[in-house]
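Structure file input-v4.txt (compact mmCIF, N, CA and C atoms) is printed below.
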```
# COMPACT_ATOMS: atom_id res chain seq x y z
N MET X 3 92.97 92.48 57.17
CA MET X 3 92.67 93.33 58.29
C MET X 3 94.00 93.70 58.96
N THR X 4 94.19 94.97 59.23
CA THR X 4 95.35 95.45 59.95
C THR X 4 94.98 95.63 61.41
N THR X 5 95.86 95.17 62.28
CA THR X 5 95.63 95.32 63.71
C THR X 5 96.78 96.11 64.30
N ALA X 6 96.69 96.43 65.58
CA ALA X 6 97.78 97.12 66.26
C ALA X 6 99.02 96.24 66.33
N ASP X 7 98.82 94.95 66.16
CA ASP X 7 99.91 93.99 66.29
C ASP X 7 100.40 93.46 64.94
N GLY X 8 99.87 93.94 63.82
CA GLY X 8 100.29 93.45 62.51
C GLY X 8 99.11 93.42 61.57
N TRP X 9 99.03 92.37 60.75
CA TRP X 9 97.92 92.23 59.81
C TRP X 9 97.53 90.76 59.66
N VAL X 10 96.29 90.56 59.22
CA VAL X 10 95.74 89.21 59.06
C VAL X 10 94.86 89.19 57.81
N ARG X 11 95.02 88.16 56.99
CA ARG X 11 94.11 87.88 55.88
C ARG X 11 93.55 86.48 56.11
N TYR X 12 92.24 86.35 56.00
CA TYR X 12 91.58 85.11 56.34
C TYR X 12 90.66 84.70 55.20
N TRP X 13 90.60 83.40 54.91
CA TRP X 13 89.74 82.85 53.87
C TRP X 13 89.07 81.59 54.39
N ARG X 14 87.80 81.39 54.03
CA ARG X 14 87.07 80.19 54.43
C ARG X 14 86.28 79.69 53.22
N ASP X 15 86.38 78.38 52.96
CA ASP X 15 85.59 77.74 51.91
C ASP X 15 84.15 77.67 52.40
N GLY X 16 83.21 78.05 51.58
CA GLY X 16 81.81 78.04 51.98
C GLY X 16 81.16 76.66 51.96
N ASP X 17 81.82 75.69 51.32
CA ASP X 17 81.21 74.37 51.16
C ASP X 17 81.89 73.25 51.94
N ARG X 18 83.14 73.43 52.28
CA ARG X 18 83.90 72.37 52.95
C ARG X 18 84.62 72.95 54.17
N PRO X 19 85.02 72.10 55.11
CA PRO X 19 85.77 72.59 56.28
C PRO X 19 87.24 72.84 55.94
N VAL X 20 87.46 73.94 55.19
CA VAL X 20 88.81 74.34 54.78
C VAL X 20 88.92 75.84 55.02
N GLU X 21 89.97 76.25 55.73
CA GLU X 21 90.21 77.66 56.03
C GLU X 21 91.69 77.95 55.85
N ALA X 22 92.00 79.20 55.57
CA ALA X 22 93.41 79.60 55.44
C ALA X 22 93.59 80.99 56.03
N MET X 23 94.78 81.22 56.56
CA MET X 23 95.12 82.52 57.12
C MET X 23 96.56 82.85 56.76
N HIS X 24 96.80 84.12 56.44
CA HIS X 24 98.14 84.65 56.22
C HIS X 24 98.26 85.84 57.16
N ALA X 25 99.28 85.87 57.99
CA ALA X 25 99.36 86.91 59.00
C ALA X 25 100.81 87.29 59.29
N HIS X 26 100.97 88.50 59.80
CA HIS X 26 102.25 88.96 60.32
C HIS X 26 101.97 89.55 61.70
N PHE X 27 102.54 88.92 62.71
CA PHE X 27 102.36 89.36 64.08
C PHE X 27 103.69 89.79 64.68
N PHE X 28 103.63 90.85 65.47
CA PHE X 28 104.83 91.33 66.15
C PHE X 28 104.85 90.90 67.61
N ASP X 29 103.71 91.00 68.29
CA ASP X 29 103.64 90.69 69.70
C ASP X 29 102.53 89.71 70.05
N HIS X 30 101.76 89.27 69.07
CA HIS X 30 100.59 88.45 69.33
C HIS X 30 100.98 87.11 69.97
N VAL X 31 100.25 86.76 71.01
CA VAL X 31 100.45 85.48 71.71
C VAL X 31 99.15 84.70 71.63
N TYR X 32 99.23 83.47 71.13
CA TYR X 32 98.06 82.58 71.12
C TYR X 32 98.00 81.85 72.45
N PRO X 33 96.87 81.88 73.13
CA PRO X 33 96.71 81.06 74.34
C PRO X 33 96.57 79.59 73.91
N PRO X 34 96.69 78.67 74.84
CA PRO X 34 96.49 77.26 74.48
C PRO X 34 95.11 77.06 73.84
N HIS X 35 95.10 76.36 72.71
CA HIS X 35 93.87 76.10 71.98
C HIS X 35 94.08 74.89 71.08
N SER X 36 93.01 74.43 70.45
CA SER X 36 93.11 73.35 69.47
C SER X 36 92.10 73.63 68.37
N HIS X 37 92.20 72.86 67.30
CA HIS X 37 91.30 72.97 66.16
C HIS X 37 90.68 71.60 65.91
N HIS X 38 89.53 71.56 65.31
CA HIS X 38 88.90 70.29 64.94
C HIS X 38 89.50 69.75 63.65
N SER X 39 90.45 70.46 63.10
CA SER X 39 91.01 70.14 61.79
C SER X 39 92.49 69.78 61.89
N TYR X 40 93.01 69.29 60.78
CA TYR X 40 94.46 69.23 60.61
C TYR X 40 94.89 70.66 60.30
N SER X 41 96.03 71.06 60.81
CA SER X 41 96.53 72.41 60.56
C SER X 41 97.96 72.31 60.06
N PHE X 42 98.21 72.94 58.91
CA PHE X 42 99.54 72.96 58.31
C PHE X 42 99.94 74.40 58.10
N GLY X 43 101.05 74.80 58.71
CA GLY X 43 101.52 76.17 58.60
C GLY X 43 102.94 76.22 58.12
N ILE X 44 103.30 77.33 57.51
CA ILE X 44 104.69 77.57 57.13
C ILE X 44 105.06 78.97 57.60
N THR X 45 106.21 79.05 58.24
CA THR X 45 106.72 80.33 58.69
C THR X 45 107.45 80.97 57.53
N ASP X 46 106.99 82.15 57.10
CA ASP X 46 107.60 82.85 55.97
C ASP X 46 108.81 83.68 56.40
N ALA X 47 108.71 84.32 57.55
CA ALA X 47 109.78 85.21 58.02
C ALA X 47 109.73 85.27 59.54
N GLY X 48 110.88 85.56 60.15
CA GLY X 48 110.95 85.62 61.60
C GLY X 48 110.89 84.22 62.18
N ALA X 49 110.37 84.13 63.39
CA ALA X 49 110.27 82.83 64.06
C ALA X 49 109.16 82.89 65.10
N GLN X 50 108.55 81.73 65.32
CA GLN X 50 107.52 81.60 66.35
C GLN X 50 107.81 80.36 67.17
N SER X 51 107.51 80.44 68.43
CA SER X 51 107.68 79.29 69.32
C SER X 51 106.32 78.87 69.83
N PHE X 52 106.22 77.60 70.23
CA PHE X 52 104.95 77.08 70.71
C PHE X 52 105.19 75.82 71.53
N HIS X 53 104.25 75.55 72.43
CA HIS X 53 104.22 74.30 73.18
C HIS X 53 103.29 73.35 72.45
N CYS X 54 103.71 72.11 72.32
CA CYS X 54 102.89 71.09 71.68
C CYS X 54 103.53 69.73 71.92
N ARG X 55 102.73 68.71 72.15
CA ARG X 55 103.21 67.34 72.32
C ARG X 55 104.26 67.22 73.41
N GLY X 56 104.07 67.97 74.48
CA GLY X 56 104.94 67.86 75.64
C GLY X 56 106.26 68.59 75.53
N GLY X 57 106.46 69.39 74.49
CA GLY X 57 107.73 70.10 74.34
C GLY X 57 107.53 71.52 73.84
N THR X 58 108.62 72.26 73.84
CA THR X 58 108.64 73.61 73.29
C THR X 58 109.37 73.54 71.96
N HIS X 59 108.79 74.13 70.93
CA HIS X 59 109.32 74.07 69.57
C HIS X 59 109.44 75.48 69.01
N THR X 60 110.33 75.65 68.05
CA THR X 60 110.46 76.91 67.33
C THR X 60 110.43 76.64 65.85
N SER X 61 109.62 77.41 65.14
CA SER X 61 109.52 77.33 63.68
C SER X 61 110.09 78.61 63.10
N GLY X 62 111.18 78.49 62.37
CA GLY X 62 111.80 79.62 61.70
C GLY X 62 111.41 79.66 60.24
N ALA X 63 111.88 80.68 59.54
CA ALA X 63 111.55 80.87 58.13
C ALA X 63 111.82 79.59 57.33
N GLY X 64 110.82 79.18 56.57
CA GLY X 64 110.92 78.00 55.73
C GLY X 64 110.51 76.70 56.40
N MET X 65 110.23 76.73 57.67
CA MET X 65 109.83 75.51 58.38
C MET X 65 108.32 75.33 58.34
N VAL X 66 107.90 74.06 58.36
CA VAL X 66 106.48 73.71 58.30
C VAL X 66 106.05 73.14 59.65
N MET X 67 104.87 73.55 60.09
CA MET X 67 104.28 73.01 61.31
C MET X 67 103.10 72.14 60.92
N ALA X 68 102.93 71.01 61.59
CA ALA X 68 101.79 70.12 61.34
C ALA X 68 101.14 69.79 62.67
N PHE X 69 99.87 70.16 62.81
CA PHE X 69 99.12 69.88 64.03
C PHE X 69 97.99 68.92 63.70
N ASN X 70 97.83 67.91 64.52
CA ASN X 70 96.74 66.95 64.37
C ASN X 70 95.45 67.54 64.93
N PRO X 71 94.29 67.03 64.51
CA PRO X 71 93.02 67.51 65.08
C PRO X 71 93.01 67.36 66.60
N ALA X 72 92.47 68.36 67.27
CA ALA X 72 92.29 68.39 68.73
C ALA X 72 93.61 68.47 69.50
N GLU X 73 94.70 68.77 68.83
CA GLU X 73 96.00 68.85 69.50
C GLU X 73 96.20 70.25 70.09
N VAL X 74 96.36 70.33 71.38
CA VAL X 74 96.49 71.61 72.06
C VAL X 74 97.88 72.20 71.79
N HIS X 75 97.89 73.48 71.45
CA HIS X 75 99.14 74.21 71.20
C HIS X 75 98.89 75.69 71.50
N ASP X 76 99.96 76.44 71.59
CA ASP X 76 99.87 77.88 71.80
C ASP X 76 100.86 78.52 70.82
N GLY X 77 101.29 79.73 71.05
CA GLY X 77 102.27 80.33 70.16
C GLY X 77 102.63 81.74 70.56
N TRP X 78 103.87 82.13 70.25
CA TRP X 78 104.33 83.49 70.56
C TRP X 78 105.52 83.81 69.67
N PRO X 79 105.84 85.10 69.50
CA PRO X 79 106.97 85.48 68.67
C PRO X 79 108.29 85.02 69.29
N ALA X 80 109.19 84.55 68.43
CA ALA X 80 110.50 84.11 68.90
C ALA X 80 111.61 84.91 68.22
N ALA X 81 111.24 86.02 67.60
CA ALA X 81 112.21 86.89 66.93
C ALA X 81 111.83 88.34 67.21
N ASP X 82 112.81 89.23 67.18
CA ASP X 82 112.56 90.64 67.49
C ASP X 82 111.50 91.26 66.58
N LEU X 83 111.45 90.85 65.33
CA LEU X 83 110.49 91.43 64.40
C LEU X 83 109.24 90.55 64.24
N GLY X 84 109.00 89.67 65.20
CA GLY X 84 107.81 88.83 65.16
C GLY X 84 107.92 87.72 64.14
N TYR X 85 106.79 87.38 63.54
CA TYR X 85 106.78 86.31 62.55
C TYR X 85 105.66 86.54 61.54
N ARG X 86 105.92 86.09 60.33
CA ARG X 86 104.91 86.09 59.27
C ARG X 86 104.71 84.64 58.88
N TYR X 87 103.46 84.21 58.84
CA TYR X 87 103.21 82.82 58.51
C TYR X 87 101.89 82.64 57.79
N ARG X 88 101.76 81.48 57.17
CA ARG X 88 100.52 81.06 56.52
C ARG X 88 100.11 79.73 57.14
N ILE X 89 98.82 79.56 57.35
CA ILE X 89 98.35 78.30 57.92
C ILE X 89 97.03 77.92 57.25
N MET X 90 96.87 76.62 57.05
CA MET X 90 95.65 76.09 56.45
C MET X 90 95.07 75.05 57.40
N HIS X 91 93.77 75.12 57.63
CA HIS X 91 93.06 74.16 58.46
C HIS X 91 92.18 73.32 57.53
N ILE X 92 92.37 72.00 57.58
CA ILE X 92 91.66 71.09 56.69
C ILE X 92 90.90 70.08 57.55
N GLY X 93 89.60 70.06 57.42
CA GLY X 93 88.77 69.15 58.21
C GLY X 93 89.08 67.69 57.94
N PRO X 94 88.95 66.83 58.96
CA PRO X 94 89.21 65.40 58.78
C PRO X 94 88.39 64.77 57.66
N SER X 95 87.17 65.25 57.42
CA SER X 95 86.36 64.68 56.35
C SER X 95 87.00 64.93 54.98
N VAL X 96 87.64 66.07 54.80
CA VAL X 96 88.32 66.37 53.54
C VAL X 96 89.53 65.46 53.38
N VAL X 97 90.29 65.26 54.46
CA VAL X 97 91.45 64.36 54.41
C VAL X 97 90.99 62.95 54.10
N SER X 98 89.93 62.50 54.73
CA SER X 98 89.40 61.16 54.48
C SER X 98 88.98 61.01 53.02
N ASP X 99 88.29 62.01 52.48
CA ASP X 99 87.88 61.98 51.07
C ASP X 99 89.09 61.93 50.14
N MET X 100 90.13 62.68 50.45
CA MET X 100 91.34 62.68 49.62
C MET X 100 92.02 61.31 49.65
N ILE X 101 92.10 60.71 50.83
CA ILE X 101 92.71 59.37 50.95
C ILE X 101 91.88 58.36 50.17
N SER X 102 90.58 58.44 50.29
CA SER X 102 89.70 57.52 49.56
C SER X 102 89.89 57.67 48.05
N ASP X 103 89.97 58.90 47.58
CA ASP X 103 90.21 59.14 46.15
C ASP X 103 91.56 58.58 45.71
N ALA X 104 92.59 58.80 46.52
CA ALA X 104 93.95 58.37 46.16
C ALA X 104 94.12 56.86 46.23
N THR X 105 93.30 56.19 47.04
CA THR X 105 93.45 54.73 47.22
C THR X 105 92.31 53.95 46.57
N GLU X 106 91.57 54.63 45.69
CA GLU X 106 90.45 54.01 44.99
C GLU X 106 89.43 53.40 45.97
N GLY X 107 89.12 54.15 47.02
CA GLY X 107 88.08 53.75 47.95
C GLY X 107 88.53 52.98 49.16
N ARG X 108 89.80 52.59 49.21
CA ARG X 108 90.29 51.89 50.41
C ARG X 108 90.57 52.94 51.47
N THR X 109 89.89 52.83 52.58
CA THR X 109 90.10 53.80 53.66
C THR X 109 90.58 53.07 54.90
N GLY X 110 91.16 53.81 55.76
CA GLY X 110 91.64 53.28 57.02
C GLY X 110 91.66 54.40 58.03
N ALA X 111 92.49 54.24 59.02
CA ALA X 111 92.62 55.29 60.03
C ALA X 111 93.23 56.54 59.41
N LEU X 112 92.79 57.67 59.88
CA LEU X 112 93.36 58.92 59.41
C LEU X 112 94.80 59.06 59.91
N PRO X 113 95.66 59.70 59.15
CA PRO X 113 97.06 59.84 59.57
C PRO X 113 97.20 60.79 60.76
N LEU X 114 98.21 60.55 61.55
CA LEU X 114 98.61 61.48 62.61
C LEU X 114 100.07 61.82 62.38
N PHE X 115 100.40 63.08 62.56
CA PHE X 115 101.77 63.53 62.35
C PHE X 115 102.53 63.48 63.66
N PRO X 116 103.66 62.75 63.70
CA PRO X 116 104.37 62.55 64.97
C PRO X 116 105.25 63.71 65.40
N ASP X 117 105.64 64.58 64.47
CA ASP X 117 106.59 65.65 64.78
C ASP X 117 106.06 66.99 64.30
N THR X 118 106.56 68.03 64.89
CA THR X 118 106.35 69.39 64.44
C THR X 118 107.40 70.26 65.12
N PRO X 119 108.03 71.22 64.49
CA PRO X 119 107.95 71.53 63.06
C PRO X 119 108.90 70.67 62.25
N TYR X 120 108.77 70.79 60.93
CA TYR X 120 109.63 70.09 59.99
C TYR X 120 110.53 71.08 59.29
```
Encoded form using structure tokens:
Amino acid sequence: MTTADGWVRYWRDGDRPVEAMHAHFFDHVYPPHSHHSYSFGITDAGAQSFHCRGGTHTSGAGMVMAFNPAEVHDGWPAADLGYRYRIMHIGPSVVSDMISDATEGRTGALPLFPDTPY
């Protein structure tokens, strides 16, 4: 979908809590929000800034962002030409199932990511 502010492509798995988005924004500002999922994004071009975990962060081209479930964050362009990025939202149940598969059924607390961006 093309908008006045850029373009967005969105995908959602019909069976599991997994979603993905690829977008290029020039002026788009995200208000503070959170997701019920883990969110992993990579900035492809430009830069974006955001508040999260008590600080202000900037993700430039090639950097990865990791947000924990229910973690409040926002976002805005940090470069003259905006930013292009991809982000995937993965539900905690999917992460739990993956850990269980990888550990042959041994489960524990779900991981939390201490830093963002990387």
Restricting the calculation to only C-alpha atoms, which member of X:Val66, X:Leu114, X:Ala22, X:Met3 is positioned closest to Val97 (chain X)? X:Leu114
Give me the residues within 5 Å of Val10 (chain X) as a list in words, counting only N, CA and C atoms and dropping any in the same chain fewer than 5 places off. Met3, Thr4, His24 and Ala25 of chain X
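Of note, CA of Leu83 (chain X) and CA of Gly64 (chain X) are spaced 16.0 Å apart.
For the pair CA of Pro94 (chain X) and atom C of Asp76 (chain X), the interatomic distance is 21.3 Å.
Distance-wise, atom N of Leu112 (chain X) and atom N of Ser51 (chain X) end up 28.4 Å apart.
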Pick from X:His75, X:Phe52, X:Pro34, X:Ser39: nearest to Ser98 (chain X), with only C-alpha atoms counted? X:Ser39
Please run DSSP on the backbone and report, as a PDB file with N, CA and C atoms, keeping the file's coordinate frame, all residues within chain X that come out as helix (DSSP H, G or I).
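See out.pdb below for the written result:
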```pdb
ATOM      1  N   PRO X  94      88.950  66.830  58.960  1.00  0.00           N
ATOM      2  CA  PRO X  94      89.210  65.400  58.780  1.00  0.00           C
ATOM      3  C   PRO X  94      88.390  64.770  57.660  1.00  0.00           C
ATOM      4  N   SER X  95      87.170  65.250  57.420  1.00  0.00           N
ATOM      5  CA  SER X  95      86.360  64.680  56.350  1.00  0.00           C
ATOM      6  C   SER X  95      87.000  64.930  54.980  1.00  0.00           C
ATOM      7  N   VAL X  96      87.640  66.070  54.800  1.00  0.00           N
ATOM      8  CA  VAL X  96      88.320  66.370  53.540  1.00  0.00           C
ATOM      9  C   VAL X  96      89.530  65.460  53.380  1.00  0.00           C
ATOM     10  N   VAL X  97      90.290  65.260  54.460  1.00  0.00           N
ATOM     11  CA  VAL X  97      91.450  64.360  54.410  1.00  0.00           C
ATOM     12  C   VAL X  97      90.990  62.950  54.100  1.00  0.00           C
ATOM     13  N   SER X  98      89.930  62.500  54.730  1.00  0.00           N
ATOM     14  CA  SER X  98      89.400  61.160  54.480  1.00  0.00           C
ATOM     15  C   SER X  98      88.980  61.010  53.020  1.00  0.00           C
ATOM     16  N   ASP X  99      88.290  62.010  52.480  1.00  0.00           N
ATOM     17  CA  ASP X  99      87.880  61.980  51.070  1.00  0.00           C
ATOM     18  C   ASP X  99      89.090  61.930  50.140  1.00  0.00           C
ATOM     19  N   MET X 100      90.130  62.680  50.450  1.00  0.00           N
ATOM     20  CA  MET X 100      91.340  62.680  49.620  1.00  0.00           C
ATOM     21  C   MET X 100      92.020  61.310  49.650  1.00  0.00           C
ATOM     22  N   ILE X 101      92.100  60.710  50.830  1.00  0.00           N
ATOM     23  CA  ILE X 101      92.710  59.370  50.950  1.00  0.00           C
ATOM     24  C   ILE X 101      91.880  58.360  50.170  1.00  0.00           C
ATOM     25  N   SER X 102      90.580  58.440  50.290  1.00  0.00           N
ATOM     26  CA  SER X 102      89.700  57.520  49.560  1.00  0.00           C
ATOM     27  C   SER X 102      89.890  57.670  48.050  1.00  0.00           C
ATOM     28  N   ASP X 103      89.970  58.900  47.580  1.00  0.00           N
ATOM     29  CA  ASP X 103      90.210  59.140  46.150  1.00  0.00           C
ATOM     30  C   ASP X 103      91.560  58.580  45.710  1.00  0.00           C
ATOM     31  N   ALA X 104      92.590  58.800  46.520  1.00  0.00           N
ATOM     32  CA  ALA X 104      93.950  58.370  46.160  1.00  0.00           C
ATOM     33  C   ALA X 104      94.120  56.860  46.230  1.00  0.00           C
TER      34      ALA X 104
END
```
Need to verify the contact set: Pro19 (chain X), 8 Å, all atoms listed in the file, exclusion of same-chain residues closer than 2 positions in sequence. Can you return it as an mmCIF file with N, CA and C atoms, in the coordinates of the input?
```
data_model
loop_
_atom_site.group_PDB
_atom_site.id
_atom_site.type_symbol
_atom_site.label_atom_id
_atom_site.label_comp_id
_atom_site.auth_asym_id
_atom_site.auth_seq_id
_atom_site.Cartn_x
_atom_site.Cartn_y
_atom_site.Cartn_z
ATOM 1 N N ARG X 14 87.800 81.390 54.030
ATOM 2 C CA ARG X 14 87.070 80.190 54.430
ATOM 3 C C ARG X 14 86.280 79.690 53.220
ATOM 4 N N ASP X 15 86.380 78.380 52.960
ATOM 5 C CA ASP X 15 85.590 77.740 51.910
ATOM 6 C C ASP X 15 84.150 77.670 52.400
ATOM 7 N N GLY X 16 83.210 78.050 51.580
ATOM 8 C CA GLY X 16 81.810 78.040 51.980
ATOM 9 C C GLY X 16 81.160 76.660 51.960
ATOM 10 N N ASP X 17 81.820 75.690 51.320
ATOM 11 C CA ASP X 17 81.210 74.370 51.160
ATOM 12 C C ASP X 17 81.890 73.250 51.940
ATOM 13 N N GLU X 21 89.970 76.250 55.730
ATOM 14 C CA GLU X 21 90.210 77.660 56.030
ATOM 15 C C GLU X 21 91.690 77.950 55.850
ATOM 16 N N ALA X 22 92.000 79.200 55.570
ATOM 17 C CA ALA X 22 93.410 79.600 55.440
ATOM 18 C C ALA X 22 93.590 80.990 56.030
ATOM 19 N N SER X 39 90.450 70.460 63.100
ATOM 20 C CA SER X 39 91.010 70.140 61.790
ATOM 21 C C SER X 39 92.490 69.780 61.890
ATOM 22 N N HIS X 91 93.770 75.120 57.630
ATOM 23 C CA HIS X 91 93.060 74.160 58.460
ATOM 24 C C HIS X 91 92.180 73.320 57.530
ATOM 25 N N ILE X 92 92.370 72.000 57.580
ATOM 26 C CA ILE X 92 91.660 71.090 56.690
ATOM 27 C C ILE X 92 90.900 70.080 57.550
ATOM 28 N N GLY X 93 89.600 70.060 57.420
ATOM 29 C CA GLY X 93 88.770 69.150 58.210
ATOM 30 C C GLY X 93 89.080 67.690 57.940
ATOM 31 N N PRO X 94 88.950 66.830 58.960
ATOM 32 C CA PRO X 94 89.210 65.400 58.780
ATOM 33 C C PRO X 94 88.390 64.770 57.660
ATOM 34 N N SER X 95 87.170 65.250 57.420
ATOM 35 C CA SER X 95 86.360 64.680 56.350
ATOM 36 C C SER X 95 87.000 64.930 54.980
ATOM 37 N N VAL X 96 87.640 66.070 54.800
ATOM 38 C CA VAL X 96 88.320 66.370 53.540
ATOM 39 C C VAL X 96 89.530 65.460 53.380
#
```
So which residues touch Tyr87 (chain X) within 10 Å, counting only C-alpha atoms, skipping near sequence neighbours fewer than 2 positions away, as a list in words? Val10, Met23, His24, Ala25, His26, Phe27, Gly43, Ile44, Thr45, Asp46, Ala47, Gly48, Ala49, Gln50, Ser61, Gly62, Ala63, Gly64, Met65, Val66, Tyr85 and Ile89 of chain X
Could you please write out, as a ChimeraX atom specification, every residue of chain X that DSSP assigns to strand (DSSP E)? /X:4-5,8-14,20-27,32-35,40-54,57-62,66-69,75-79,85-92
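Polymer residues near (101.6, 70.0, 62.2): counting all atoms listed in the file with a cut-off of 6.5 Å, they are Ser41, Phe42, Gly43, Val66, Met67, Ala68, Phe69, Asn70, Phe115, Asp117 and Thr118 of chain X.
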